[in-house]
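With mmCIF, C-alpha atoms inside, this is start-v4.cif:
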data_protein
loop_
_atom_site.label_atom_id
_atom_site.label_comp_id
_atom_site.auth_asym_id
_atom_site.auth_seq_id
_atom_site.Cartn_x
_atom_site.Cartn_y
_atom_site.Cartn_z
CA MET A 5 0.00 0.00 0.00
CA LEU A 6 1.50 3.29 -1.09
CA PRO A 7 1.55 6.13 1.47
CA PRO A 8 -1.13 8.85 1.07
CA GLU A 9 1.55 11.42 0.17
CA ILE A 10 2.57 9.31 -2.85
CA ARG A 11 -1.04 8.67 -3.86
CA SER A 12 -1.58 12.43 -3.81
CA ILE A 13 1.33 13.00 -6.22
CA LEU A 14 0.04 10.27 -8.55
CA GLU A 15 -3.41 11.86 -8.61
CA GLU A 16 -1.87 15.24 -9.34
CA MET A 17 0.04 13.66 -12.25
CA ARG A 18 -3.15 12.10 -13.64
CA ALA A 19 -4.93 15.45 -13.48
CA GLU A 20 -2.18 17.36 -15.30
CA ARG A 21 -3.38 18.52 -18.74
CA ILE A 22 -0.75 20.93 -20.05
CA ARG A 23 2.86 20.16 -19.24
CA GLY A 24 3.35 16.76 -20.87
CA ALA A 25 5.61 13.75 -20.61
CA SER A 26 8.86 15.43 -19.52
CA TYR A 27 7.18 17.23 -16.62
CA LEU A 28 5.31 14.09 -15.54
CA ALA A 29 8.50 12.03 -15.56
CA ARG A 30 10.27 14.59 -13.36
CA ARG A 31 7.24 14.74 -11.05
CA GLY A 32 7.30 10.95 -10.90
CA ALA A 33 10.97 11.06 -9.92
CA GLU A 34 10.04 13.45 -7.12
CA ALA A 35 7.48 10.89 -5.95
CA TYR A 36 10.29 8.32 -5.66
CA ILE A 37 12.36 10.78 -3.61
CA LYS A 38 9.41 11.29 -1.28
CA LEU A 39 8.89 7.54 -1.05
CA ALA A 40 12.52 7.10 0.00
CA GLU A 41 11.95 9.64 2.79
CA LEU A 42 8.88 7.80 4.07
CA LEU A 43 9.81 4.13 3.81
CA SER A 44 12.77 1.79 4.14
CA GLY A 45 13.52 -1.92 4.23
CA GLU A 46 10.89 -4.40 3.11
CA GLU A 47 8.14 -1.74 3.13
CA LEU A 48 10.12 0.25 0.60
CA ARG A 49 10.73 -2.78 -1.59
CA LYS A 50 7.01 -3.62 -1.73
CA ALA A 51 6.13 0.01 -2.47
CA LEU A 52 8.66 0.10 -5.33
CA GLU A 53 7.13 -3.03 -6.83
CA GLU A 54 3.77 -1.27 -6.73
CA MET A 55 5.27 1.86 -8.29
CA ARG A 56 6.49 -0.25 -11.24
CA GLU A 57 2.82 -0.52 -12.17
CA GLU A 58 1.43 2.77 -10.84
CA ILE A 59 3.88 5.17 -12.53
CA PRO A 60 3.34 3.89 -16.12
CA ALA A 61 -0.40 3.66 -15.43
CA VAL A 62 -0.59 7.45 -14.97
CA ASN A 63 -0.51 7.59 -18.77
CA ARG A 64 0.44 4.46 -20.67
CA THR A 65 1.00 6.39 -23.88
CA MET A 66 4.07 8.11 -22.37
CA ALA A 67 7.36 6.23 -22.70
CA SER A 68 9.02 8.52 -20.14
CA LEU A 69 6.94 7.09 -17.31
CA TYR A 70 7.69 3.52 -18.34
CA ASN A 71 11.42 4.25 -18.54
CA LEU A 72 11.40 6.07 -15.19
CA SER A 73 9.79 3.08 -13.48
CA ARG A 74 12.58 0.85 -14.86
CA PHE A 75 15.33 3.34 -14.02
CA ILE A 76 14.56 3.07 -10.30
CA PRO A 77 15.69 -0.32 -8.90
CA ILE A 78 13.58 -2.55 -6.69
CA THR A 79 15.53 -2.39 -3.45
CA ASP A 80 15.21 -1.92 0.30
CA ASN A 81 17.91 0.78 0.21
CA SER A 82 16.22 4.18 0.51
CA GLU A 83 19.46 6.07 -0.20
CA LEU A 84 19.88 4.24 -3.50
CA VAL A 85 16.32 5.09 -4.51
CA ARG A 86 16.85 8.75 -3.70
CA ALA A 87 20.17 8.82 -5.59
CA LYS A 88 18.68 7.20 -8.72
CA ALA A 89 15.65 9.52 -8.71
CA GLU A 90 17.87 12.59 -8.35
CA GLU A 91 20.08 11.26 -11.15
CA PHE A 92 17.04 10.92 -13.41
CA ILE A 93 16.04 14.53 -12.77
CA LYS A 94 19.59 15.77 -13.40
CA LEU A 95 19.88 13.77 -16.63
CA SER A 96 16.51 15.05 -17.86
CA GLU A 97 17.53 18.67 -17.22
CA GLU A 98 20.86 18.17 -18.98
CA ALA A 99 19.10 16.44 -21.89
CA ARG A 100 16.69 19.33 -22.37
CA ARG A 101 19.52 21.87 -22.41
CA GLU A 102 21.51 19.86 -24.93
CA ILE A 103 18.44 19.43 -27.15
CA GLY A 104 18.05 23.19 -27.05
CA ASN A 105 21.63 23.66 -28.20
CA ILE A 106 21.43 21.05 -30.98
CA GLY A 107 17.96 21.98 -32.19
CA SER A 108 18.67 25.71 -32.29
CA GLU A 109 21.28 25.06 -35.00
CA LEU A 110 18.45 24.03 -37.33
CA ILE A 111 16.94 27.50 -37.10
CA ASP A 112 18.14 29.87 -39.79
CA GLU A 113 17.76 33.63 -39.85
CA ASN A 114 14.12 34.71 -40.35
CA GLU A 115 12.88 31.13 -40.02
CA VAL A 116 9.14 30.60 -39.72
CA ILE A 117 8.54 27.66 -37.40
CA ILE A 118 5.21 25.89 -37.00
CA THR A 119 4.51 23.80 -33.90
CA HIS A 120 1.64 22.00 -32.20
CA SER A 121 0.86 21.60 -28.47
CA PHE A 122 3.37 22.44 -25.71
CA SER A 123 6.77 20.78 -25.59
CA SER A 124 9.38 21.76 -23.02
CA ALA A 125 12.07 20.46 -25.41
CA VAL A 126 10.81 22.63 -28.27
CA LEU A 127 10.60 25.61 -25.91
CA GLU A 128 14.22 24.98 -24.93
CA ILE A 129 15.18 25.12 -28.63
CA PHE A 130 13.41 28.47 -28.97
CA LYS A 131 15.19 29.80 -25.87
CA ALA A 132 18.60 28.68 -27.15
CA ALA A 133 17.99 30.19 -30.60
CA LYS A 134 16.93 33.47 -29.00
CA LYS A 135 20.11 33.54 -26.87
CA LYS A 136 22.17 32.99 -30.01
CA GLY A 137 20.63 36.13 -31.47
CA LYS A 138 18.63 34.38 -34.17
CA ARG A 139 15.54 36.11 -35.49
CA PHE A 140 12.55 33.87 -36.16
CA ARG A 141 8.84 33.69 -35.57
CA VAL A 142 6.51 30.91 -34.52
CA ILE A 143 3.13 29.73 -35.79
CA LEU A 144 1.44 27.73 -33.06
CA THR A 145 -1.88 25.98 -32.75
CA GLU A 146 -4.23 26.60 -29.85
CA SER A 147 -4.18 22.81 -29.32
CA ALA A 148 -7.74 22.04 -28.23
CA PRO A 149 -9.28 20.70 -26.06
CA ASP A 150 -6.75 21.58 -23.32
CA TYR A 151 -5.24 24.55 -25.20
CA GLU A 152 -1.60 23.80 -24.46
CA GLY A 153 -0.71 26.18 -27.28
CA LEU A 154 -1.88 29.13 -25.21
CA ALA A 155 0.55 28.14 -22.47
CA LEU A 156 3.34 28.10 -25.06
CA ALA A 157 2.21 31.50 -26.34
CA ARG A 158 2.61 32.96 -22.85
CA GLU A 159 6.16 31.59 -22.67
CA LEU A 160 7.05 33.04 -26.07
CA GLU A 161 5.56 36.37 -25.10
CA SER A 162 7.75 36.51 -22.00
CA LEU A 163 10.81 35.74 -24.14
CA GLY A 164 10.00 38.38 -26.73
CA ILE A 165 9.68 35.83 -29.53
CA PRO A 166 7.09 36.86 -32.18
CA PHE A 167 4.26 34.38 -32.75
CA GLU A 168 0.76 33.97 -34.07
CA ILE A 169 -1.86 31.52 -32.84
CA ILE A 170 -4.07 29.54 -35.21
CA THR A 171 -6.95 27.14 -34.65
CA ASP A 172 -6.12 23.48 -35.06
CA ALA A 173 -8.29 23.27 -38.16
CA GLN A 174 -5.95 25.69 -39.97
CA ILE A 175 -2.87 23.45 -39.76
CA GLY A 176 -3.12 22.60 -43.46
CA LEU A 177 -3.50 26.24 -44.46
CA PHE A 178 -0.55 27.57 -42.43
CA ALA A 179 1.92 24.69 -42.90
CA GLY A 180 2.77 26.07 -46.32
CA LYS A 181 3.66 29.44 -44.78
CA ALA A 182 6.30 27.83 -42.53
CA THR A 183 9.90 26.91 -43.33
CA LEU A 184 10.42 24.45 -40.47
CA ALA A 185 8.23 22.31 -38.18
CA LEU A 186 9.22 21.43 -34.61
CA VAL A 187 7.11 19.32 -32.26
CA GLY A 188 7.69 17.33 -29.11
CA ALA A 189 6.88 13.70 -28.39
CA ASP A 190 5.38 11.62 -25.64
CA ASN A 191 6.73 8.40 -27.09
CA VAL A 192 9.01 7.33 -29.93
CA THR A 193 8.54 3.65 -30.68
CA GLY A 194 11.12 1.12 -31.82
CA ASP A 195 9.71 1.20 -35.35
CA GLY A 196 10.25 4.97 -35.51
CA ALA A 197 6.71 6.25 -35.02
CA VAL A 198 6.12 9.43 -33.02
CA ILE A 199 3.24 9.55 -30.54
CA ASN A 200 2.30 13.11 -29.62
CA LYS A 201 -0.72 15.36 -29.09
CA ALA A 202 -3.53 14.57 -31.55
CA GLY A 203 -3.07 16.80 -34.57
CA THR A 204 0.66 16.11 -34.89
CA TYR A 205 0.04 13.55 -37.64
CA LEU A 206 -2.03 16.10 -39.58
CA LEU A 207 0.75 18.66 -39.24
CA ALA A 208 3.31 16.11 -40.47
CA LEU A 209 1.13 15.32 -43.50
CA ALA A 210 0.65 19.01 -44.29
CA CYS A 211 4.39 19.65 -43.98
CA HIS A 212 5.15 16.69 -46.23
CA ASP A 213 2.75 18.01 -48.86
CA ASN A 214 4.35 21.47 -48.69
CA GLY A 215 7.98 20.38 -48.54
CA VAL A 216 8.51 21.69 -44.99
CA PRO A 217 11.07 19.68 -42.93
CA PHE A 218 9.39 18.12 -39.89
CA TYR A 219 11.53 17.49 -36.79
CA VAL A 220 10.68 16.02 -33.40
CA ALA A 221 12.43 17.06 -30.17
CA ALA A 222 12.52 14.33 -27.51
CA GLU A 223 14.80 13.34 -24.66
CA SER A 224 16.19 9.83 -25.02
CA PHE A 225 14.01 8.61 -22.14
CA LYS A 226 11.04 9.06 -24.46
CA LEU A 227 12.35 6.31 -26.72
CA HIS A 228 10.41 3.18 -25.79
CA PRO A 229 12.69 0.13 -25.56
CA GLU A 230 9.98 -2.44 -26.30
CA LEU A 231 6.77 -1.19 -27.92
CA THR A 232 6.00 -0.80 -31.60
CA SER A 233 3.45 1.73 -32.82
CA ASP A 234 0.76 -0.97 -33.06
CA GLU A 235 1.19 -1.80 -29.37
CA VAL A 236 0.99 1.70 -27.88
CA GLU A 237 -2.14 2.34 -25.82
CA ILE A 238 -3.58 5.67 -26.98
CA VAL A 239 -5.50 7.47 -24.23
CA GLU A 240 -9.04 8.59 -25.08
CA ARG A 241 -11.08 11.15 -23.17
CA LYS A 242 -14.70 11.36 -24.28
CA PHE A 243 -16.70 14.47 -23.51
CA LYS A 244 -20.15 15.87 -24.10
CA ARG A 245 -21.20 19.05 -25.85
CA ASN A 246 -24.87 19.98 -26.12
CA HIS A 247 -25.72 16.52 -24.80
CA LEU A 248 -23.80 14.91 -27.67
CA LEU A 249 -20.97 12.49 -26.94
CA ILE A 250 -17.71 13.39 -28.69
CA ARG A 251 -14.79 11.02 -28.96
CA GLY A 252 -11.44 12.57 -28.16
CA TYR A 253 -8.17 10.67 -28.50
CA LEU A 254 -5.48 12.74 -26.82
CA PHE A 255 -2.63 11.45 -28.99
CA ASP A 256 -2.02 10.30 -32.54
CA ILE A 257 0.69 8.35 -34.33
CA THR A 258 2.97 9.90 -36.94
CA PRO A 259 4.80 7.31 -39.10
CA TRP A 260 8.57 7.64 -39.35
CA ARG A 261 8.51 8.39 -43.09
CA TYR A 262 7.19 11.91 -42.37
CA VAL A 263 9.88 12.70 -39.77
CA ARG A 264 13.15 14.28 -40.94
CA GLY A 265 14.84 13.55 -37.62
CA ILE A 266 14.48 13.10 -33.85
CA ILE A 267 16.42 15.78 -31.97
CA THR A 268 17.78 14.16 -28.79
CA GLU A 269 20.60 15.00 -26.38
CA LEU A 270 22.59 12.32 -28.23
CA GLY A 271 22.25 14.12 -31.56
CA ILE A 272 19.72 14.07 -34.38
CA LEU A 273 18.58 10.50 -34.98
CA VAL A 274 17.04 9.32 -38.24
CA PRO A 275 14.11 6.97 -37.58
CA PRO A 276 13.84 4.05 -37.53
CA LYS A 277 17.37 2.86 -38.37
CA GLU A 278 19.11 4.89 -35.62
CA LEU A 279 16.59 4.21 -32.83
#

Let me see whether you can do it: turn the structure in this file into structure tokens.
Amino acid sequence: MLPPEIRSILEEMRAERIRGASYLARRGAEAYIKLAELLSGEELRKALEEMREEIPAVNRTMASLYNLSRFIPITDNSELVRAKAEEFIKLSEEARREIGNIGSELIDENEVIITHSFSSAVLEIFKAAKKKGKRFRVILTESAPDYEGLALARELESLGIPFEIITDAQIGLFAGKATLALVGADNVTGDGAVINKAGTYLLALACHDNGVPFYVAAESFKLHPELTSDEVEIVERKFKRNHLLIRGYLFDITPWRYVRGIITELGILVPPKEL
């Protein structure tokens, strides 16, 4: 039985709608640190076995949660658990910074970049490009139904990066006005498919049709070591509007053939041969 403090963190993670897989993985690592403070010995070992199931179950579409649960060993040593969780957080922060450095080199002067949803890795690329003095602007979708794009817009506004917001339905219209596409990922499968916010596949198709290079920014812990695209469980959240039931898958699957490269802290990987 997990302590109430850990259950509270897990519920908070399940309720999160905006910040995505990288944030949830770091929050999950913080849950392990808290667990190491609360338990030791056999109680800790049993709790860690339970966490092997509970952490990925927060959102089974996200490879980061699966990889986090495997990164932390099943042990009765609370200091080891704390050390591994802190290592995961440090590695994730370093990965994001390096992705920013690598990805910013793809941005040329006066680039017009189109993106979808909110990705902390993509935001890091924008920050790095801005620090390097590059001038560019961003086209971003509002990203319904949770409107993650508006959260990204606020970040860009604070950085002084010019942007314009479009409705999701206008992806096809505006893709041709861009010179580069950058999106994040919640999962990159062994066969090279990218699982990200629903609408990413449509953006990739529109970019392919318009000759716009489409890149994905993802820390290496978002590469799933086992699953293929056919095996990924895509989360659905149905909702009602005017008493009518509307189906809403939160993620979609973009085949590797539409992806120019995966920007990781290890470099730019070409799917699927380099995954």

Checklist line | Target residues per the PyMOL selection byres ((chain A and resi 118) around 6), formatted as a list in words | finding: Ile117, Thr119, Val142, Ile143, Leu144, Ala182 and Ala185 of chain A

Note to self: Assuming the chain letters and numbering stay as they are in my file, what does the PyMOL selection byres ((chain A and resi 46-63) around 10) actually select? List them as an MDAnalysis selection string.
What the structure shows: chainID A and resid 5:7 10:11 14:19 25 28:29 32:33 35:36 39:45 64:82 85 190 237:239

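Closest approach to Glu159 in chain A among A:Ser12, A:Thr232, A:Ser108, A:Ser123: A:Ser123, based on all atoms listed in the file.
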
Notebook entry, point to check: Which polymer residues have any atom within 7 Å of an atom of range 90-103 of chain A, counting all atoms listed in the file, with same-chain residues fewer than 2 positions away left out, as a VMD selection string?
Noted result: chain A and resid 30 33 86 to 88 105 to 107 125 128 to 129 223 267 to 269

Next item on the list: List every protein, DNA or RNA residue with an atom no more than 12 Å from (15.5, 33.6, -33.0) in the file's coordinates, counting all atoms listed in the file, and format the result as a ChimeraX atom specification.
Entry: /A:107-117,127-142,160,163-167

Check: Closest to Tyr219 in chain A among A:Leu186, A:Glu152, A:Arg31, A:Val236, using only C-alpha atoms?
Finding: A:Leu186

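Across the model, the gap from CA of Glu240 in chain A to CA of Leu184 in chain A is 29.4 Å.
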
Next item on the list: To verify the selection step, state as a ChimeraX atom specification which residues the PyMOL selection byres ((chain A and resi 248-259) around 9) yields on this input.
Entry: /A:65,149,190,195-206,208-209,233,238-247,260-263

Write the residues of the selection above to a file with C-alpha atoms, as an mmCIF file, keeping the file's coordinate frame.
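Saved as part_22.cif:
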data_model
loop_
_atom_site.group_PDB
_atom_site.id
_atom_site.type_symbol
_atom_site.label_atom_id
_atom_site.label_comp_id
_atom_site.auth_asym_id
_atom_site.auth_seq_id
_atom_site.Cartn_x
_atom_site.Cartn_y
_atom_site.Cartn_z
ATOM 1 C CA THR A 65 1.000 6.390 -23.880
ATOM 2 C CA PRO A 149 -9.280 20.700 -26.060
ATOM 3 C CA ASP A 190 5.380 11.620 -25.640
ATOM 4 C CA ASP A 195 9.710 1.200 -35.350
ATOM 5 C CA GLY A 196 10.250 4.970 -35.510
ATOM 6 C CA ALA A 197 6.710 6.250 -35.020
ATOM 7 C CA VAL A 198 6.120 9.430 -33.020
ATOM 8 C CA ILE A 199 3.240 9.550 -30.540
ATOM 9 C CA ASN A 200 2.300 13.110 -29.620
ATOM 10 C CA LYS A 201 -0.720 15.360 -29.090
ATOM 11 C CA ALA A 202 -3.530 14.570 -31.550
ATOM 12 C CA GLY A 203 -3.070 16.800 -34.570
ATOM 13 C CA THR A 204 0.660 16.110 -34.890
ATOM 14 C CA TYR A 205 0.040 13.550 -37.640
ATOM 15 C CA LEU A 206 -2.030 16.100 -39.580
ATOM 16 C CA ALA A 208 3.310 16.110 -40.470
ATOM 17 C CA LEU A 209 1.130 15.320 -43.500
ATOM 18 C CA SER A 233 3.450 1.730 -32.820
ATOM 19 C CA ILE A 238 -3.580 5.670 -26.980
ATOM 20 C CA VAL A 239 -5.500 7.470 -24.230
ATOM 21 C CA GLU A 240 -9.040 8.590 -25.080
ATOM 22 C CA ARG A 241 -11.080 11.150 -23.170
ATOM 23 C CA LYS A 242 -14.700 11.360 -24.280
ATOM 24 C CA PHE A 243 -16.700 14.470 -23.510
ATOM 25 C CA LYS A 244 -20.150 15.870 -24.100
ATOM 26 C CA ARG A 245 -21.200 19.050 -25.850
ATOM 27 C CA ASN A 246 -24.870 19.980 -26.120
ATOM 28 C CA HIS A 247 -25.720 16.520 -24.800
ATOM 29 C CA TRP A 260 8.570 7.640 -39.350
ATOM 30 C CA ARG A 261 8.510 8.390 -43.090
ATOM 31 C CA TYR A 262 7.190 11.910 -42.370
ATOM 32 C CA VAL A 263 9.880 12.700 -39.770
#

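For the atom pair formed by CA of Gly153 in chain A and CA of Phe122 in chain A, the distance is 5.8 Å, given to one decimal.
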
Next item on the list: Point out the residue among A:Val192, A:Ala148, A:Ala179, A:Val126 with the least atom-to-atom distance to Pro276 in chain A, counting all atoms listed in the file.
Entry: A:Val192

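Separating CA of Pro229 in chain A from CA of Ser26 in chain A is a distance of 16.9 Å.
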
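When only C-alpha atoms are used to measure the gap to Ala221 in chain A, the shortest distance among A:Gly188, A:Pro275, A:Gly24, A:Gly176 belongs to A:Gly188.
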
If I wrap all listed atoms of range 215-228 of chain A in a box with edges along x, y and z and add 4 Å on each side, what are its centre and edge lengths in Å to one decimal, as JSON?
{"center_x": 12.1, "center_y": 12.4, "center_z": -35.3, "size_x": 16.2, "size_y": 26.5, "size_z": 34.4}
